[in-house]
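Novice: Just work_35.txt, nothing more (compact mmCIF, C-alpha atoms and all ligand atoms):
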# COMPACT_ATOMS: atom_id res chain seq x y z
CA MET A 1233 152.72 54.83 203.73
CA LYS A 1234 149.31 53.80 202.35
CA ARG A 1235 149.22 50.80 200.06
CA LEU A 1236 147.32 51.03 196.78
CA GLY A 1237 145.80 48.05 194.99
CA ILE A 1238 145.23 48.93 191.32
CA LEU A 1239 142.62 46.99 189.35
CA LEU A 1240 142.57 47.29 185.57
CA SER A 1241 141.42 45.46 182.47
CA GLY A 1242 142.97 47.28 179.52
CA ARG A 1243 145.24 50.09 178.41
CA GLY A 1244 146.27 51.23 181.88
CA SER A 1245 147.06 54.89 181.20
CA ASN A 1246 145.48 56.01 184.48
CA PHE A 1247 147.52 53.43 186.36
CA MET A 1248 150.66 54.75 184.65
CA ALA A 1249 149.78 58.34 185.54
CA ILE A 1250 149.41 57.33 189.20
CA ALA A 1251 152.67 55.36 189.13
CA GLU A 1252 154.44 58.33 187.55
CA ALA A 1253 153.02 60.74 190.16
CA ILE A 1254 154.34 58.51 192.95
CA LYS A 1255 157.72 58.03 191.28
CA SER A 1256 158.24 61.74 190.76
CA HIS A 1257 157.16 62.55 194.35
CA ARG A 1258 154.10 64.44 193.19
CA LEU A 1259 151.85 62.02 195.09
CA LEU A 1260 153.23 61.53 198.57
CA GLY A 1261 152.46 58.90 201.17
CA ALA A 1262 151.36 56.24 198.69
CA GLN A 1263 152.93 53.14 197.22
CA ILE A 1264 151.59 50.60 194.75
CA ALA A 1265 151.26 47.26 196.56
CA ILE A 1266 149.76 45.25 193.70
CA VAL A 1267 148.44 45.73 190.18
CA LEU A 1268 145.75 43.21 189.35
CA SER A 1269 144.03 42.55 186.04
CA ASN A 1270 141.17 40.26 185.08
CA VAL A 1271 142.63 40.12 181.56
CA ALA A 1272 145.93 38.33 180.97
CA ASN A 1273 148.37 40.31 178.81
CA SER A 1274 146.34 43.52 178.95
CA PRO A 1275 148.67 46.45 178.13
CA GLY A 1276 148.28 47.80 181.67
CA ILE A 1277 149.39 44.62 183.41
CA VAL A 1278 152.27 44.16 180.96
CA ALA A 1279 153.43 47.72 181.75
CA ALA A 1280 153.21 47.01 185.50
CA GLN A 1281 155.30 43.87 185.06
CA LYS A 1282 157.93 45.84 183.13
CA MET A 1283 158.01 48.42 185.92
CA GLY A 1284 158.87 45.63 188.36
CA LEU A 1285 155.68 46.02 190.40
CA LYS A 1286 153.88 43.10 192.03
CA THR A 1287 151.18 41.92 189.65
CA ALA A 1288 148.44 39.32 189.52
CA VAL A 1289 146.00 38.13 186.89
CA VAL A 1290 142.72 36.79 188.19
CA GLU A 1291 140.69 35.78 185.18
CA SER A 1292 136.95 36.03 185.39
CA ARG A 1293 135.93 33.80 182.54
CA GLY A 1294 133.73 30.86 183.57
CA ARG A 1295 133.43 31.88 187.22
CA SER A 1296 130.64 33.50 189.19
CA ARG A 1297 131.09 37.13 190.22
CA ASP A 1298 131.29 36.14 193.87
CA GLU A 1299 133.86 33.44 193.25
CA HIS A 1300 136.03 35.79 191.22
CA ASP A 1301 135.70 38.67 193.65
CA MET A 1302 136.59 36.44 196.61
CA GLU A 1303 139.92 35.68 194.99
CA VAL A 1304 140.57 39.33 194.18
CA ILE A 1305 139.72 40.34 197.77
CA ALA A 1306 142.10 37.66 199.07
CA ARG A 1307 144.91 39.00 196.86
CA LEU A 1308 144.30 42.57 198.00
CA HIS A 1309 144.42 41.54 201.66
CA GLN A 1310 147.49 39.41 201.03
CA HIS A 1311 149.24 42.59 199.86
CA LYS A 1312 147.81 44.64 202.74
CA VAL A 1313 146.02 47.06 200.47
CA ASP A 1314 144.53 50.17 202.11
CA LEU A 1315 142.92 51.78 199.05
CA VAL A 1316 141.52 50.03 195.97
CA ILE A 1317 141.93 52.03 192.76
CA LEU A 1318 139.77 51.03 189.80
CA ALA A 1319 141.61 52.18 186.69
CA GLY A 1320 139.63 51.00 183.69
CA TYR A 1321 138.48 47.84 185.50
CA MET A 1322 135.64 46.60 183.33
CA ARG A 1323 133.76 44.66 185.97
CA ILE A 1324 130.97 45.51 188.34
CA LEU A 1325 132.01 44.72 191.90
CA SER A 1326 129.85 42.45 194.04
CA PRO A 1327 128.25 43.91 197.20
CA ARG A 1328 130.57 41.63 199.14
CA PHE A 1329 133.62 43.31 197.57
CA ILE A 1330 132.30 46.81 198.24
CA GLY A 1331 131.48 45.91 201.84
CA GLU A 1332 135.01 44.67 202.34
CA PHE A 1333 136.53 48.12 201.63
CA PRO A 1334 134.03 50.76 202.80
CA GLU A 1335 134.86 54.21 201.36
CA ARG A 1336 138.17 52.77 200.26
CA ILE A 1337 137.41 51.91 196.61
CA LEU A 1338 137.88 54.70 194.05
CA ASN A 1339 136.82 54.80 190.42
CA ILE A 1340 137.32 57.26 187.58
CA HIS A 1341 134.57 57.86 185.06
CA PRO A 1342 134.90 59.93 181.87
CA SER A 1343 131.99 62.32 182.37
CA LEU A 1344 130.79 64.87 184.87
CA LEU A 1345 128.68 62.55 187.04
CA PRO A 1346 125.83 62.26 187.81
CA ASP A 1347 125.45 63.08 184.09
CA PHE A 1348 126.27 60.39 181.55
CA PRO A 1349 127.00 57.28 183.63
CA GLY A 1350 127.52 53.95 181.85
CA MET A 1351 129.73 52.49 179.19
CA HIS A 1352 129.31 55.08 176.43
CA ALA A 1353 129.79 58.38 178.19
CA HIS A 1354 131.47 60.25 175.31
CA ARG A 1355 128.91 59.08 172.75
CA ASP A 1356 126.06 60.06 175.08
CA VAL A 1357 127.62 63.50 175.67
CA LEU A 1358 127.85 64.14 171.92
CA VAL A 1359 124.31 62.95 171.28
CA ALA A 1360 122.98 65.18 174.06
CA GLY A 1361 124.79 68.17 172.53
CA VAL A 1362 126.09 69.57 175.83
CA LYS A 1363 128.96 72.06 175.74
CA GLU A 1364 130.98 70.68 178.64
CA SER A 1365 132.20 67.28 179.73
CA GLY A 1366 135.03 66.02 181.92
CA CYS A 1367 135.90 63.32 184.40
CA THR A 1368 134.86 62.33 187.90
CA VAL A 1369 136.75 60.43 190.59
CA HIS A 1370 134.31 58.95 193.08
CA PHE A 1371 133.97 56.35 195.78
CA VAL A 1372 132.35 53.14 194.63
CA ASN A 1373 129.03 52.09 196.08
CA GLU A 1374 126.54 49.48 194.98
CA GLN A 1375 125.13 51.55 192.11
CA VAL A 1376 127.14 51.89 188.90
CA ASP A 1377 129.01 55.23 188.54
CA ASP A 1378 127.45 56.53 191.74
CA GLY A 1379 128.99 57.23 195.14
CA THR A 1380 130.51 60.31 196.77
CA ILE A 1381 132.27 62.55 194.27
CA ILE A 1382 135.86 63.20 195.31
CA LEU A 1383 136.92 65.45 192.46
CA GLN A 1384 135.87 66.54 188.97
CA ARG A 1385 137.67 68.24 186.10
CA SER A 1386 135.87 69.68 183.12
CA VAL A 1387 136.76 70.19 179.46
CA PRO A 1388 134.88 71.94 176.67
CA VAL A 1389 133.06 69.91 174.04
CA LEU A 1390 134.18 71.47 170.75
CA PRO A 1391 132.38 71.72 167.41
CA GLY A 1392 133.36 68.76 165.26
CA ASP A 1393 134.33 66.60 168.22
CA THR A 1394 134.19 62.84 167.71
CA GLU A 1395 134.13 60.27 170.52
CA GLU A 1396 137.87 59.89 169.99
CA THR A 1397 138.81 63.59 170.15
CA LEU A 1398 136.60 64.15 173.19
CA ALA A 1399 137.95 61.02 174.92
CA ALA A 1400 141.53 62.21 174.38
CA ARG A 1401 140.77 65.65 175.87
CA VAL A 1402 139.06 64.10 178.88
CA LEU A 1403 141.80 61.49 179.36
CA GLU A 1404 144.44 64.18 179.70
CA GLN A 1405 142.44 65.58 182.62
CA GLU A 1406 141.94 62.12 184.11
CA HIS A 1407 145.69 61.68 184.43
CA GLY A 1408 145.96 64.72 186.71
CA ALA A 1409 142.66 64.18 188.50
CA TYR A 1410 143.26 60.64 189.72
CA PRO A 1411 146.51 61.29 191.64
CA GLU A 1412 145.01 64.43 193.11
CA ALA A 1413 141.87 62.58 194.25
CA ILE A 1414 144.00 59.86 195.86
CA ALA A 1415 145.97 62.58 197.66
CA ARG A 1416 142.72 64.05 199.00
CA VAL A 1417 141.67 60.71 200.40
CA LEU A 1418 145.08 60.07 201.94
CA SER A 1419 145.21 63.52 203.50
CA GLY A 1420 142.46 62.64 205.99
CA LYS A 1421 141.26 66.23 205.63
CA TYR A 1422 138.08 65.53 203.71
CA GLU A 1423 134.77 63.96 204.60
CA SER A 1424 131.71 62.83 202.66
CA ARG A 1425 128.82 65.23 202.91
CA ASP A 1426 125.67 65.04 200.77
CA GLY A 1427 127.37 63.10 197.97
CA TYR A 1428 130.48 65.31 197.83
CA TYR A 1429 133.86 65.03 199.47
CA VAL A 1430 134.52 68.30 201.25
CA ARG A 1431 137.28 69.63 203.47
CA ARG A 1432 136.73 69.09 207.14
CA ALA A 1433 136.23 72.25 209.10
CA GLY A 1434 139.58 73.46 210.43
CA ALA A 1435 141.75 71.20 208.23
CA ASP A 1436 145.09 72.88 207.59
CA ASP A 1437 146.35 73.64 204.11
CA SER A 1438 149.20 71.14 203.63
CA THR A 1439 148.29 68.18 201.41
CA HIS A 1440 149.70 64.92 200.11
CA VAL A 1441 149.96 66.45 196.68
CA SER A 1442 152.61 68.78 195.40
CA ARG A 1443 151.80 72.30 194.25
CA GLU A 1444 152.41 71.27 190.66
CA LEU A 1445 149.63 68.67 190.79
CA ARG A 1446 147.21 71.07 192.38
CA LYS A 1447 147.40 73.52 189.48
C1 LIG B 1501 139.18 55.82 181.29
O1 LIG B 1501 138.58 56.65 180.34
C2 LIG B 1501 138.38 55.82 182.56
O2 LIG B 1501 137.70 57.01 182.79
C3 LIG B 1501 137.39 54.71 182.31
O3 LIG B 1501 138.09 53.74 181.60
C4 LIG B 1501 139.16 54.36 180.89
C5 LIG B 1501 140.42 53.65 181.29
O4 LIG B 1501 141.53 54.09 180.55
N1 LIG B 1501 136.86 54.20 183.56
P1 LIG B 1501 142.98 53.56 180.93
O5 LIG B 1501 142.93 52.03 180.88
O6 LIG B 1501 143.31 54.06 182.31
O7 LIG B 1501 143.88 54.10 179.89
Since I need it in another form, could you write the structure as structure tokens?

Specialist:
Amino acid sequence: MKRLGILLSGRGSNFMAIAEAIKSHRLLGAQIAIVLSNVANSPGIVAAQKMGLKTAVVESRGRSRDEHDMEVIARLHQHKVDLVILAGYMRILSPRFIGEFPERILNIHPSLLPDFPGMHAHRDVLVAGVKESGCTVHFVNEQVDDGTIILQRSVPVLPGDTEETLAARVLEQEHGAYPEAIARVLSGKYESRDGYYVRRAGADDSTHVSRELRK
């Protein structure tokens, strides 16, 4: 059983989608070891508390990035975390943090990376006038919204879309994409090649994800 450490700052809907996938046996071989927020009383951490999961709040205010990250790292190790899942965690990780979990920190971003990185992906998509957007689950490296792409799902950008309508369409895809990406990583059947996460030659077809999730 691999142990997930979920880091969030806000709403927590991706965390809840992952928790639901585990609970309903659609994501196998994973358990949530700790949910950690840098924001006390964020909806995500409150939901985790209500679900009876182990939680921690490590506030960042007034502390250096390194100081804060050291405490987060210590908490993750304390709970024997194998994979770190950033789920709306609104902080840039220090190089020290990234080095501590090589190819074991995942993030989800609401665009088809490498297009539209940064804080305002939906706005930037609408301004650019492209016809397609989506979400990307990727490993975290020292650049923002960079790192090997594990999985992407696309959605159309429709006439009349606002940031809100586009965000809602993308979010629905995020909730399926994140559990599936975690399953890929846990399966041990993929490897990073030229910025993408591809199946190893000869890997068999069984996965950590149920057929329903793979649709
Ligand atoms: C998502 O859109 C995700 O792509 C981005 O932050 C948002 C988090 O939403 N990184 P939630 O807190 O999981 O609901």

Novice: Counting only C-alpha atoms, which residue out of A:Glu1412, A:Glu1395, A:Glu1303, A:Glu1291 sits closest to Asp1356 of chain A?

Specialist: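 Ranked by minimum distance to Asp1356 of chain A, first place goes to A:Glu1395.
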
Novice: Of the candidates A:Ser1343, A:Asn1246, A:Gln1375, A:Gln1405, which shows the shortest atom-to-atom distance to Pro1327 of chain A, using only C-alpha atoms?

Specialist: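 Using only C-alpha atoms, Pro1327 of chain A sits closest to A:Gln1375.
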
Novice: Each residue of chain A lying at most 8 Å from ligand LIG 1501 (chain B) should get a row with its shortest atom-to-atom pair and the distance in Å to one decimal, counting only C-alpha atoms and all ligand atoms; could you produce that, ordered by chain and increasing number, as JSON lines?

Specialist:
{"residue": "A:Leu1240", "atom": "CA", "partner": "B:LIG1501", "partner_atom": "O5", "distance": 6.7}
{"residue": "A:Ser1241", "atom": "CA", "partner": "B:LIG1501", "partner_atom": "O5", "distance": 6.9}
{"residue": "A:Gly1242", "atom": "CA", "partner": "B:LIG1501", "partner_atom": "O5", "distance": 4.9}
{"residue": "A:Arg1243", "atom": "CA", "partner": "B:LIG1501", "partner_atom": "O5", "distance": 3.9}
{"residue": "A:Gly1244", "atom": "CA", "partner": "B:LIG1501", "partner_atom": "O5", "distance": 3.6}
{"residue": "A:Ser1245", "atom": "CA", "partner": "B:LIG1501", "partner_atom": "O7", "distance": 3.5}
{"residue": "A:Asn1246", "atom": "CA", "partner": "B:LIG1501", "partner_atom": "O6", "distance": 3.6}
{"residue": "A:Phe1247", "atom": "CA", "partner": "B:LIG1501", "partner_atom": "O6", "distance": 5.9}
{"residue": "A:Met1248", "atom": "CA", "partner": "B:LIG1501", "partner_atom": "O6", "distance": 7.7}
{"residue": "A:Gly1276", "atom": "CA", "partner": "B:LIG1501", "partner_atom": "O5", "distance": 6.9}
{"residue": "A:Leu1318", "atom": "CA", "partner": "B:LIG1501", "partner_atom": "N1", "distance": 7.6}
{"residue": "A:Ala1319", "atom": "CA", "partner": "B:LIG1501", "partner_atom": "O6", "distance": 5.1}
{"residue": "A:Gly1320", "atom": "CA", "partner": "B:LIG1501", "partner_atom": "C5", "distance": 3.7}
{"residue": "A:Tyr1321", "atom": "CA", "partner": "B:LIG1501", "partner_atom": "N1", "distance": 6.8}
{"residue": "A:Met1322", "atom": "CA", "partner": "B:LIG1501", "partner_atom": "N1", "distance": 7.7}
{"residue": "A:Asn1339", "atom": "CA", "partner": "B:LIG1501", "partner_atom": "N1", "distance": 6.9}
{"residue": "A:Ile1340", "atom": "CA", "partner": "B:LIG1501", "partner_atom": "O2", "distance": 4.8}
{"residue": "A:His1341", "atom": "CA", "partner": "B:LIG1501", "partner_atom": "O2", "distance": 4.0}
{"residue": "A:Pro1342", "atom": "CA", "partner": "B:LIG1501", "partner_atom": "O2", "distance": 4.1}
{"residue": "A:Ser1343", "atom": "CA", "partner": "B:LIG1501", "partner_atom": "O2", "distance": 7.8}
{"residue": "A:Cys1367", "atom": "CA", "partner": "B:LIG1501", "partner_atom": "O2", "distance": 6.8}
{"residue": "A:Thr1368", "atom": "CA", "partner": "B:LIG1501", "partner_atom": "O2", "distance": 7.9}
{"residue": "A:Ala1399", "atom": "CA", "partner": "B:LIG1501", "partner_atom": "O1", "distance": 7.0}
{"residue": "A:Val1402", "atom": "CA", "partner": "B:LIG1501", "partner_atom": "O1", "distance": 7.6}
{"residue": "A:Leu1403", "atom": "CA", "partner": "B:LIG1501", "partner_atom": "O1", "distance": 5.9}
{"residue": "A:Glu1406", "atom": "CA", "partner": "B:LIG1501", "partner_atom": "O2", "distance": 6.8}

Novice: With all atoms listed in the file as the basis for distance, which of A:Asp1393, A:Glu1252, A:Glu1374, A:Glu1335 is at the shortest distance from Val1362 of chain A?

Specialist: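 Going through A:Asp1393, A:Glu1252, A:Glu1374, A:Glu1335 one by one, the smallest distance to Val1362 of chain A is for A:Asp1393.
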
Novice: How far is it from atom CA of Leu1418 of chain A to atom CA of Leu1260 of chain A, in Å with one decimal?

Specialist: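 We find that atom CA of Leu1418 of chain A and atom CA of Leu1260 of chain A lie 8.9 Å from each other.
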
Novice: Give as a list in words every residue, naming chains and numbers as the document does, that has an atom within 10 Å of (138.6, 42.3, 190.7), counting all atoms listed in the file.

Specialist: Ile1238, Leu1239, Leu1240, Ser1241, Leu1268, Ser1269, Asn1270, Val1289, Val1290, Glu1291, Ser1292, Arg1297, His1300, Asp1301, Met1302, Glu1303, Val1304, Ile1305, Arg1307, Leu1308, Val1316, Leu1318, Tyr1321, Met1322, Arg1323, Ile1324, Leu1325, Ser1326 and Phe1329 of chain A

Novice: Compare A:Leu1338, A:Val1430, A:Ile1264, A:Leu1236 by their minimum atom-to-atom distance to Gly1379 of chain A, counting all atoms listed in the file, and give me the closest one.

Specialist: A:Leu1338

Novice: Near Asp1314 of chain A, counting all atoms listed in the file, which residues have an atom at most 10 Å away, once you skip same-chain residues fewer than 5 positions from it, shown as a list in words?

Specialist: Met1233, Lys1234, Arg1235, Leu1236, Gly1237, Ala1262, Ala1265, Leu1308, His1309, Phe1333, Arg1336, Ile1337 and Leu1418 of chain A

Novice: Between atom CA of Arg1431 of chain A and atom CA of Ile1250 of chain A, what is the distance, to one decimal in Å?

Specialist: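 So the two atoms, atom CA of Arg1431 of chain A and atom CA of Ile1250 of chain A, lie 22.4 Å apart.
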
Novice: How many Å lie between atom CA of Leu1383 of chain A and atom CA of Ser1365 of chain A, rounded to one decimal?

Specialist: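 These two atoms are separated by 13.7 Å.
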
Novice: Rank nothing, just name the residue among A:Asp1436, A:Ala1409, A:Glu1332, A:Ile1381 nearest to Lys1421 of chain A, using only C-alpha atoms.

Specialist: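 Under the stated criterion, the closest residue is A:Asp1436.
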
Novice: Using all atoms listed in the file for the distances, tell me which of A:Val1278, A:Ala1251, A:Thr1380, A:Ala1288 is nearest to Arg1425 of chain A.

Specialist: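 For Arg1425 of chain A, the nearest of the candidates is A:Thr1380.
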
Novice: For Pro1349 of chain A, please output as a ChimeraX atom specification all residues within 7 Å (counting all atoms listed in the file; exclusion window: fewer than 4 positions along the same chain).

Specialist: /A:1345,1353,1377

Novice: Please define a box with edges along x, y and z of the file around all atoms of segment 1265-1278 of chain A given in the file, extend it by 5 Å on each side, and return its centre and edge lengths in Å to one decimal, as JSON.

Specialist:
{"center_x": 146.7, "center_y": 43.1, "center_z": 187.3, "size_x": 21.1, "size_y": 19.5, "size_z": 28.4}
